[in-house]
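Asks: Starting off with a structure, shown below.
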Amino acid sequence: MWHIKEEIAPAVLLVVDFGGWYSLDTKTSNGSSSDSIIHHTHVSLLKDVIVPYTHLLPRLQISENTKRQTILYFKGAKHRHRGGIVREKLWDLLINEPGVIVEEGFPNATGKEQSIKGMRTSEFCLHPAGDTPTSCRLFDAIQSLCIPVIVSDNIELPFEGMIDYSEFSVFVAVSDALTPNWLVNYLRSYSSQQKDMFRNNMARIRPIFEYDNGHPGGIGPAPLDGAVNHIWRKVHQKVPIINEVIVRERRKPPGVSSPLRCHCT
């Protein structure tokens with residue numbers, strides 16, 4: 001679909017993240033690698049909307065939460081592309097750390113049951129980048145009331161401005177996370193009261209990430225506090241920003257060039 005990227009660029013795109021948009025790919029229609037760059041104006045925080053992945057694990061009610069024995073949990077593939085190099089380094093640092101579970105996992109029935117158990121019995125769940133900055137693992141952790149530990153220096157998340165992720169997540173700089181013994185010691189510094197506050201906040205905001213409307217076959221109105229309506233609210237917020245960019249582009253004198261902020265028309 002490389003040949004139509006210019007046609008769809010002006011649309012408001014719904015994307016799960018911006019992780020794969022800045023790389024070169026040689027698979028183009030004419031074989032020229034220079035034409036395969038997806039420029040920053042094809043996707044833009046100004047006009048596009050980041051949406052949540054669909055979670056795969058069932059919801060744990062706050063009343064069902066029990067004492068958690070593991071300090072930090074991660075299940076997934078060790079070897080990933082792009083930003084996944086950080087994951088590999090973290091894996092090697094944490095694999096023998098007491099109170100930490102780091103294990104290979106696959107998206108099958110067995111892996112799902114292991115993830116349910118691991119996330120529900122762990123205080124924190126690790127979220128390093130893989131092929132892309134985010135994944136459904138983040139939203140599975142939220143459903144499991146496992147406090148997300150997001151290791152990233154540059155990540156964009158769904159519905160920011162509507163919710164504050166720092167109220168239920170821990171954000172860690174890559175340089176700190178890759179310092180030996182730093183991460184687990186930092187997580188152990190959180191008090192029981194702080195962790196309970198994180199989980200209570202997670203329980204409160206979880207509906208915003210829910211696509212399911214609870215009706216058989218999904219036939220029925222979308223819940224007012226669910227993901228679908230929040231996506232539309234976010235699109236509504238983008239409209240005046242897009243209009244402003246269009247007006248600014250149109251009023252430029254002929255022959256004057258300036259950085260294109262987004263591919264808005």
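We label chains A, B, ... in the order they appear in the structure tokens, count residues from 1 in each chain, and number ligands from 1 in the order shown.
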Skip Thr70 of chain A itself and residues of its chain fewer than 5 positions away, then list as a count of residues only all residues within 10 Å of it, counting only C-alpha atoms.

Replies: 12

Asks: Name the residues in contact with Cys136 of chain A at a cut-off of 8 Å, using only C-alpha atoms, excluding same-chain residues fewer than 5 positions from it; report them as a PyMOL selection string.

Replies: chain A and resi 52-56

Asks: Output as a short mmCIF file (atom, residue, chain, number, x, y, z; two decimals) with C-alpha atoms, in the first residue's frame all residues of segment 116-162 of chain A that backbone DSSP marks as strand (DSSP E).

Replies:
data_model
loop_
_atom_site.label_atom_id
_atom_site.label_comp_id
_atom_site.auth_asym_id
_atom_site.auth_seq_id
_atom_site.Cartn_x
_atom_site.Cartn_y
_atom_site.Cartn_z
CA SER A 122 2.98 -9.52 40.82
CA GLU A 123 3.19 -5.98 42.15
CA PHE A 124 4.64 -4.51 38.96
CA CYS A 125 4.59 -5.54 35.30
CA LEU A 126 7.48 -4.59 33.03
CA HIS A 127 6.79 -2.87 29.69
CA PRO A 128 9.93 -2.38 27.60
CA ILE A 147 1.24 -1.66 38.10
CA PRO A 148 2.83 -0.93 34.69
CA VAL A 149 6.54 -0.10 34.66
CA ILE A 150 7.04 1.68 31.34
CA VAL A 151 10.68 1.77 30.26
#

Asks: Taking into account only C-alpha atoms, which residue in the set A:Ala173, A:Val51, A:Ala141, A:Ala11 is nearest to His230 of chain A?

Replies: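 Between A:Ala173, A:Val51, A:Ala141, A:Ala11, the residue approaching His230 of chain A most closely is A:Val51.
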
Asks: With distances taken over only C-alpha atoms, which of A:Val170, A:Arg68, A:Glu6, A:Leu94 is nearest to Gln194 of chain A?

Replies: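 Of A:Val170, A:Arg68, A:Glu6, A:Leu94, the one nearest Gln194 of chain A, counting only C-alpha atoms, is A:Val170.
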
Asks: Rounded to one decimal place, report the atom CA of Tyr73 of chain A-atom CA of Phe209 of chain A distance in Å.

Replies: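 Distance reported for this atom pair: 21.6 Å.
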
Asks: Can you pull out the residues contacting Lys75 of chain A? Cut-off 9 Å, using only C-alpha atoms, and skip same-chain residues under 5 positions away; I want them as a list in words.

Replies: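 Once the nearby chain positions are removed, what remains is Ile101, Val102, Glu103, Glu104, Gly105, Phe106, Gly111, Gln114, Ser115, Gly118, Leu126 and Arg137 of chain A.
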
Asks: Can those selected residues be exported to a file as a PDB file, in the first residue's frame so that it contains N, CA, C and O atoms?

Replies:
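File selection.pdb, as written:
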ATOM      1  N   ILE A 101      10.231 -12.345  37.914  1.00  0.00           N
ATOM      2  CA  ILE A 101       9.962 -13.413  36.953  1.00  0.00           C
ATOM      3  C   ILE A 101      10.057 -12.830  35.553  1.00  0.00           C
ATOM      4  O   ILE A 101       9.315 -11.917  35.190  1.00  0.00           O
ATOM      5  N   VAL A 102      11.001 -13.342  34.768  1.00  0.00           N
ATOM      6  CA  VAL A 102      11.167 -12.972  33.368  1.00  0.00           C
ATOM      7  C   VAL A 102      11.187 -14.273  32.583  1.00  0.00           C
ATOM      8  O   VAL A 102      12.061 -15.115  32.808  1.00  0.00           O
ATOM      9  N   GLU A 103      10.216 -14.454  31.687  1.00  0.00           N
ATOM     10  CA  GLU A 103      10.110 -15.730  31.000  1.00  0.00           C
ATOM     11  C   GLU A 103       9.616 -15.548  29.569  1.00  0.00           C
ATOM     12  O   GLU A 103       8.914 -14.591  29.254  1.00  0.00           O
ATOM     13  N   GLU A 104      10.041 -16.481  28.707  1.00  0.00           N
ATOM     14  CA  GLU A 104       9.569 -16.490  27.324  1.00  0.00           C
ATOM     15  C   GLU A 104       8.089 -16.838  27.310  1.00  0.00           C
ATOM     16  O   GLU A 104       7.613 -17.639  28.111  1.00  0.00           O
ATOM     17  N   GLY A 105       7.367 -16.202  26.411  1.00  0.00           N
ATOM     18  CA  GLY A 105       5.946 -16.475  26.320  1.00  0.00           C
ATOM     19  C   GLY A 105       5.432 -16.333  24.915  1.00  0.00           C
ATOM     20  O   GLY A 105       6.007 -15.609  24.088  1.00  0.00           O
ATOM     21  N   PHE A 106       4.347 -17.018  24.636  1.00  0.00           N
ATOM     22  CA  PHE A 106       3.754 -17.004  23.307  1.00  0.00           C
ATOM     23  C   PHE A 106       2.249 -16.815  23.437  1.00  0.00           C
ATOM     24  O   PHE A 106       1.641 -17.204  24.433  1.00  0.00           O
ATOM     25  N   GLY A 111       0.123 -19.841  27.271  1.00  0.00           N
ATOM     26  CA  GLY A 111       0.733 -18.558  27.585  1.00  0.00           C
ATOM     27  C   GLY A 111      -0.245 -17.607  28.242  1.00  0.00           C
ATOM     28  O   GLY A 111       0.125 -16.840  29.133  1.00  0.00           O
ATOM     29  N   GLN A 114      -0.629 -18.584  31.900  1.00  0.00           N
ATOM     30  CA  GLN A 114       0.576 -18.193  32.634  1.00  0.00           C
ATOM     31  C   GLN A 114       0.601 -16.685  32.881  1.00  0.00           C
ATOM     32  O   GLN A 114       0.995 -16.227  33.955  1.00  0.00           O
ATOM     33  N   SER A 115       0.166 -15.908  31.875  1.00  0.00           N
ATOM     34  CA  SER A 115       0.153 -14.459  32.028  1.00  0.00           C
ATOM     35  C   SER A 115      -0.865 -14.018  33.064  1.00  0.00           C
ATOM     36  O   SER A 115      -0.614 -13.096  33.846  1.00  0.00           O
ATOM     37  N   GLY A 118       0.744 -14.808  36.372  1.00  0.00           N
ATOM     38  CA  GLY A 118       1.903 -13.961  36.632  1.00  0.00           C
ATOM     39  C   GLY A 118       1.521 -12.527  36.940  1.00  0.00           C
ATOM     40  O   GLY A 118       2.042 -11.929  37.883  1.00  0.00           O
ATOM     41  N   LEU A 126       6.496  -5.304  33.832  1.00  0.00           N
ATOM     42  CA  LEU A 126       7.482  -4.592  33.026  1.00  0.00           C
ATOM     43  C   LEU A 126       6.993  -4.406  31.600  1.00  0.00           C
ATOM     44  O   LEU A 126       6.455  -5.336  30.984  1.00  0.00           O
ATOM     45  N   ARG A 137       0.134  -5.960  26.093  1.00  0.00           N
ATOM     46  CA  ARG A 137       0.616  -6.318  27.432  1.00  0.00           C
ATOM     47  C   ARG A 137       0.328  -5.213  28.445  1.00  0.00           C
ATOM     48  O   ARG A 137      -0.001  -5.492  29.599  1.00  0.00           O
TER      49      ARG A 137
END

Asks: From a backbone DSSP assignment, name each residue in segment 112-170 of chain A labelled helix (DSSP H, G or I), as a PyMOL selection string.

Replies: chain A and resi 112-120+136-143+165-167

Asks: Write the residues of the preceding selection, restricted to N, CA and C atoms, as a compact mmCIF listing (two decimals), in the first residue's frame.

Replies:
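Result written to out_4.txt:
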# COMPACT_ATOMS: atom_id res chain seq x y z
N LYS A 112 -1.50 -17.66 27.82
CA LYS A 112 -2.52 -16.79 28.41
C LYS A 112 -2.73 -17.12 29.88
N GLU A 113 -2.84 -18.41 30.20
CA GLU A 113 -3.03 -18.81 31.60
C GLU A 113 -1.83 -18.44 32.45
N GLN A 114 -0.63 -18.58 31.90
CA GLN A 114 0.58 -18.19 32.63
C GLN A 114 0.60 -16.69 32.88
N SER A 115 0.17 -15.91 31.87
CA SER A 115 0.15 -14.46 32.03
C SER A 115 -0.86 -14.02 33.06
N ILE A 116 -2.03 -14.66 33.08
CA ILE A 116 -3.04 -14.34 34.09
C ILE A 116 -2.47 -14.54 35.49
N LYS A 117 -1.87 -15.71 35.70
CA LYS A 117 -1.29 -16.01 37.01
C LYS A 117 -0.16 -15.05 37.34
N GLY A 118 0.74 -14.81 36.37
CA GLY A 118 1.90 -13.96 36.63
C GLY A 118 1.52 -12.53 36.94
N MET A 119 0.60 -11.97 36.17
CA MET A 119 0.22 -10.57 36.37
C MET A 119 -0.60 -10.38 37.64
N ARG A 120 -1.39 -11.37 38.00
CA ARG A 120 -2.24 -11.23 39.19
C ARG A 120 -1.49 -11.47 40.49
N CYS A 136 -0.39 -4.97 23.62
CA CYS A 136 -1.56 -5.28 24.44
C CYS A 136 -1.15 -5.64 25.87
N ARG A 137 0.13 -5.96 26.09
CA ARG A 137 0.62 -6.32 27.43
C ARG A 137 0.33 -5.21 28.45
N LEU A 138 0.45 -3.96 28.02
CA LEU A 138 0.17 -2.84 28.92
C LEU A 138 -1.27 -2.87 29.40
N PHE A 139 -2.20 -3.14 28.50
CA PHE A 139 -3.62 -3.11 28.84
C PHE A 139 -4.04 -4.38 29.57
N ASP A 140 -3.33 -5.49 29.32
CA ASP A 140 -3.54 -6.70 30.12
C ASP A 140 -3.13 -6.45 31.57
N ALA A 141 -2.02 -5.75 31.76
CA ALA A 141 -1.56 -5.44 33.12
C ALA A 141 -2.58 -4.57 33.85
N ILE A 142 -3.12 -3.59 33.16
CA ILE A 142 -4.12 -2.71 33.78
C ILE A 142 -5.35 -3.52 34.19
N GLN A 143 -5.79 -4.44 33.34
CA GLN A 143 -6.94 -5.28 33.69
C GLN A 143 -6.61 -6.19 34.86
N TYR A 165 -1.47 9.01 33.14
CA TYR A 165 -0.89 7.68 33.34
C TYR A 165 -0.01 7.61 34.59
N SER A 166 0.54 8.72 35.01
CA SER A 166 1.40 8.71 36.19
C SER A 166 0.62 8.40 37.47
N GLU A 167 -0.70 8.44 37.39
CA GLU A 167 -1.52 8.10 38.55
C GLU A 167 -1.61 6.60 38.79

Asks: Nearest to Leu13 of chain A: which of A:Val235, A:Leu57, A:Ala227, A:Leu93 is it, counting only C-alpha atoms?

Replies: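 Answer, going by the shortest atom-to-atom distance: A:Val235.
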
Asks: Provide the atom CA of Val43 of chain A to atom CA of Pro240 of chain A distance in Å, to one decimal place.

Replies: 17.3 Å
